[in-house]
Every structure is written in C-alpha cells, then in structure tokens.
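Novice: Below: one structure in structure tokens.
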Amino acid sequence: MLSPSKPLVDLKNAGIYRSGRWLVRGVDLSVSRSEIVTLIGPNGSGKSTTARMALGLLKPDEGTSTRARSLKIAYVPQKIAVDWTLPLTVGRFMRLTQTLDDSAMRAALQSTGVQHLEKAEVGDLSGGEFQRVMMARAIARKPDFLVLDEPVQGVDYSGEIELYELIGKIRDTLQCGILLISHDLHVVMAATDQVVCLNGHVCCKGTPQIVARSDEYRRLFGERASALALYQHDHDHEHLPNGTVRHSDGSVTDHCHPDDGHHHAEQKEQAEANNAG
Ligand SMILES: Nc1ncnc2c1ncn2[C@@H]1O[C@H](COP(=O)(O)OP(=O)(O)OP(=O)(O)O)[C@@H](O)[C@H]1O
C-alpha cells in the first residue's frame, strides 16, 4: 500500500558520476501524491539524468533514491526510437506495450482530447497531437507517479498552455505525483507546486510566481495568461568539469554556497506591487 503521508519518490543528496565528472550532484527532491514538481534548467544541466534517478533507471553513485513500494510508474521520455515511416495507427500504438481493452483505450484518448485520432497514422500527427497521444498512453496505466520529459516540445504557445492545463487535469483526476521536465527557464505552469532548478546541482527551488498581471502575457494569451507563471533566477556560479564551483567573484570552492543562485522573482514582484500601489 502507498502511504499518503510519505513521498512517492525521494532523492537525497543524489548524484551521478560518469566519464570522470558529476553529471548532477547533491540533488534533494521529492514528489508526493497529487503534487507537480517541475525540473527546469538549461540543456545538459542534468534534468533527464535526475528524472532517470527518480524513476529508478539510474542508481545514484552518491546519495539515495527511494520509491514507495508497489509504485505504478509511467514515463513519457523526451525521445522515442520508432520508425515513423512504418504504418502504425494511434489505436495500435496505445496497445504496443500494454494490454488495454477498447473502452480503456478510448477513455484515455478522450481524457487528452484526441479520441478522434484513434485511426490516424502516428507518423501524420502534429507535434501537439503526438504529445497528447503519448500522455494518453501513459495515463492509461493509471500511474501513481508520472514523469513527463519536455512534454511541450514542438508545440506552439497556445498548444503549450493547453498541454499544461491538461497536465493539471491529469493530476486532479489520477491524483498522481508528476515530475515535469522543461528546458524553458522562463515559462512554467502555475499548477506547479515546486520548481527545482538544476544546473548540475539544485540551484534553487520553490513555488513559481504568477504573472497574471503582466500586460505582455495578457496580450499574448488573453484570459489564459493566468495559466502561466514566470520563474526568474540568476545563475551566479559555474560548475567546472572537475566538480569544483567557480563563483561570480572568481573564487573556486568544492561546493556551492548556501545562497548561490537564488532567484529574485519575489523581490521583483514585490517591487512591481509597490510601484503599482
Ligand atoms: N551516460 C553518460 N555518460 C556521460 N555523460 C552523460 C551520460 N548521460 C548524459 N551525459 C551528459 O550529462 C549531462 C546531463 O545530461 P541530461 O540529459 O541529464 O541533461 P538535460 O538537462 O536533460 O538536457 P536537455 O535539456 O538538453 O535535454 C550532459 O552534459 C550529457 O551530455
């Protein structure tokens, strides 16, 4: 039985060491039931590596990675190796790696708004449709823990907002914990409970700041601007290949300082509120 009070997944000081360097190090991260945790960070900052530790696909070389017993996991990876020139309908794709009866398959496709595509060829789908089919395939498993690696890749802005809203709905319906990966440093969903910013280690984490008041976002997204949040931070230090850290003042230490890389969104928001007032 899964305990409601314990996290589904818990990484403590976890790190992966490969080819003479730490790909990520010192990662503390937990995901509980009905919680959405978003991992952000630039390319190569260790997001997928961290997700793979959380999934149990990679064993940490340092620290620990634990998962609740009998945890049902679904993973939508960033890339999947399928030859899309081969004919494959969405309906068959849904059942490639799991047994699903017709009604369960259709319910899953319906929940992500793509039931009309059951007979479509997977190779013909648009980027947004493909992501929805991938999510339908994952949620058909009724997971306790869902990992979505870059679910909005190849999707335009309005499609991106719809996908973020859909992820919120999936969480509400399945009450699963979700680990979401995004390389986008600026735009993360408001429904995110925790944002963890990686840059080879955890730079900062916390709740995202809502930018519903921003004119630019309102112009771009209309009413749904409130579905977006802006998360700002500064990387004020650099991780060197030998595992040491160079700070903005040029000094080099073995580890990050406790106040490294903190974001300033709260101060900025406060300043904006003061100006508006
Ligand atoms: N098995 C491996 N051996 C050596 N280096 C690796 C291995 N796997 C990943 N890396 C390196 O580790 C770093 C982190 O990779 P990871 O895929 O976790 O980054 P990411 O944050 O998900 O990046 P992206 O946004 O580009 O998907 C990269 O520099 C990558 O080249």
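Following the order of the structure tokens, first chain is A, next is B, and so on, with residues numbered from 1 inside each chain and ligands from 1 in the order they appear.
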Report the residues of region 6-159 of chain A whose backbone DSSP state falls under strand (DSSP E), written as a PyMOL selection string.
Specialist: chain A and resi 9-18+21-31+36-40+62-67+73-76+145-149
Novice: Find the residues of chain A that sit at most 9 Å from ligand 1; for each, write down the nearest two atoms and how far apart they are in Å, to one decimal. Count only C-alpha atoms and all ligand atoms. Sort by chain, then by number going up, and give it as a tab-separated table.
Specialist:
```
residue	atom	partner	partner_atom_place_in_ligand_line	distance
A:Ile16	CA	ligand 1	12 (O)	8.8
A:Tyr17	CA	ligand 1	4 (C)	8.1
A:Arg18	CA	ligand 1	4 (C)	4.9
A:Ser19	CA	ligand 1	4 (C)	5.4
A:Gly20	CA	ligand 1	4 (C)	8.5
A:Arg21	CA	ligand 1	4 (C)	8.1
A:Trp22	CA	ligand 1	12 (O)	8.0
A:Leu23	CA	ligand 1	12 (O)	4.7
A:Val24	CA	ligand 1	14 (C)	7.1
A:Leu39	CA	ligand 1	21 (O)	8.8
A:Ile40	CA	ligand 1	21 (O)	7.8
A:Gly41	CA	ligand 1	21 (O)	6.1
A:Pro42	CA	ligand 1	25 (O)	5.7
A:Asn43	CA	ligand 1	25 (O)	3.4
A:Gly44	CA	ligand 1	19 (O)	3.4
A:Ser45	CA	ligand 1	21 (O)	3.8
A:Gly46	CA	ligand 1	18 (O)	3.2
A:Lys47	CA	ligand 1	21 (O)	3.8
A:Ser48	CA	ligand 1	22 (O)	3.7
A:Thr49	CA	ligand 1	18 (O)	3.7
A:Thr50	CA	ligand 1	18 (O)	6.4
A:Ala51	CA	ligand 1	18 (O)	7.9
A:Arg52	CA	ligand 1	18 (O)	8.3
A:Gln78	CA	ligand 1	27 (O)	7.5
A:Asp149	CA	ligand 1	22 (O)	8.2
A:Glu150	CA	ligand 1	27 (O)	7.9
A:Ile181	CA	ligand 1	22 (O)	7.9
A:Ser182	CA	ligand 1	25 (O)	7.3
A:His183	CA	ligand 1	25 (O)	5.0
A:Asp184	CA	ligand 1	25 (O)	8.6
A:Leu198	CA	ligand 1	21 (O)	7.6
A:Asn199	CA	ligand 1	21 (O)	7.8
A:Gly200	CA	ligand 1	14 (C)	7.5
```
Novice: Residues as selected, C-alpha atoms, written as a tab-separated table (two decimals), in the first residue's frame, can you do that?
Specialist:
```
chain	number	residue	atom	x	y	z
A	16	ILE	CA	25.52	10.52	-10.99
A	17	TYR	CA	29.19	10.27	-11.88
A	18	ARG	CA	30.18	9.32	-15.44
A	19	SER	CA	33.32	9.63	-17.55
A	20	GLY	CA	35.26	11.39	-14.80
A	21	ARG	CA	32.67	14.03	-13.89
A	22	TRP	CA	29.48	14.55	-11.94
A	23	LEU	CA	26.56	14.92	-14.34
A	24	VAL	CA	24.42	16.01	-11.40
A	39	LEU	CA	12.53	20.49	-13.19
A	40	ILE	CA	13.96	23.37	-15.15
A	41	GLY	CA	17.48	24.17	-16.26
A	42	PRO	CA	19.48	24.73	-19.43
A	43	ASN	CA	20.42	21.99	-21.90
A	44	GLY	CA	22.75	19.46	-20.35
A	45	SER	CA	22.03	20.61	-16.78
A	46	GLY	CA	21.04	17.10	-15.68
A	47	LYS	CA	17.24	17.16	-15.84
A	48	SER	CA	16.81	13.86	-17.69
A	49	THR	CA	19.55	12.28	-15.57
A	50	THR	CA	17.72	13.37	-12.41
A	51	ALA	CA	14.41	12.07	-13.76
A	52	ARG	CA	16.04	8.75	-14.56
A	78	GLN	CA	11.93	13.09	-24.49
A	149	ASP	CA	10.19	14.80	-20.15
A	150	GLU	CA	9.73	18.01	-22.19
A	181	ILE	CA	10.85	18.44	-17.16
A	182	SER	CA	11.19	21.64	-19.10
A	183	HIS	CA	14.28	23.30	-20.51
A	184	ASP	CA	12.33	26.55	-20.63
A	198	LEU	CA	19.12	22.41	-11.96
A	199	ASN	CA	22.48	23.39	-13.25
A	200	GLY	CA	24.49	20.28	-12.44
```
Novice: In Å, with one decimal, what is the gap from CA of Ile80 (chain A) to CA of Gln131 (chain A)?
Specialist: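 Between CA of Ile80 (chain A) and CA of Gln131 (chain A) the gap works out to 11.6 Å.
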Novice: Closest to Glu162 (chain A) among A:Thr112, A:Ser126, A:Thr66, A:Gln175, using only C-alpha atoms?
Specialist: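 Nearest candidate to Glu162 (chain A) out of A:Thr112, A:Ser126, A:Thr66, A:Gln175: A:Thr112.
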Novice: Env of Trp84 (chain A): 9 Å cut, atoms = only C-alpha atoms, seq-sep filter 5 positions within chain, self excluded. Answer as a ChimeraX atom specification.
Specialist: /A:121-124
Novice: Do you have the CA of Leu179 (chain A)-CA of Asn13 (chain A) distance handy?
Specialist: 17.7 Å
Novice: Near Gly26 (chain A), counting only C-alpha atoms, which residues have an atom at most 7 Å away, once you skip same-chain residues fewer than 2 positions from it, shown as a ChimeraX atom specification?
Specialist: /A:13-15,28,201
Novice: Can I get the selection written as a PDB file, in the first residue's frame, with C-alpha atoms?
Specialist:
```pdb
ATOM      1  CA  ASN A  13      21.891  14.264  -1.990  1.00  0.00           C
ATOM      2  CA  ALA A  14      21.775  12.131  -5.129  1.00  0.00           C
ATOM      3  CA  GLY A  15      24.429  12.306  -7.820  1.00  0.00           C
ATOM      4  CA  ASP A  28      17.348  16.707  -2.997  1.00  0.00           C
ATOM      5  CA  HIS A 201      23.077  20.638  -8.911  1.00  0.00           C
TER       6      HIS A 201
END
```
Novice: CA of Val27 (chain A) to CA of Lys72 (chain A): how many Å, to one decimal?
Specialist: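 If I compute the distance from CA of Val27 (chain A) to CA of Lys72 (chain A), I get 22.8 Å.
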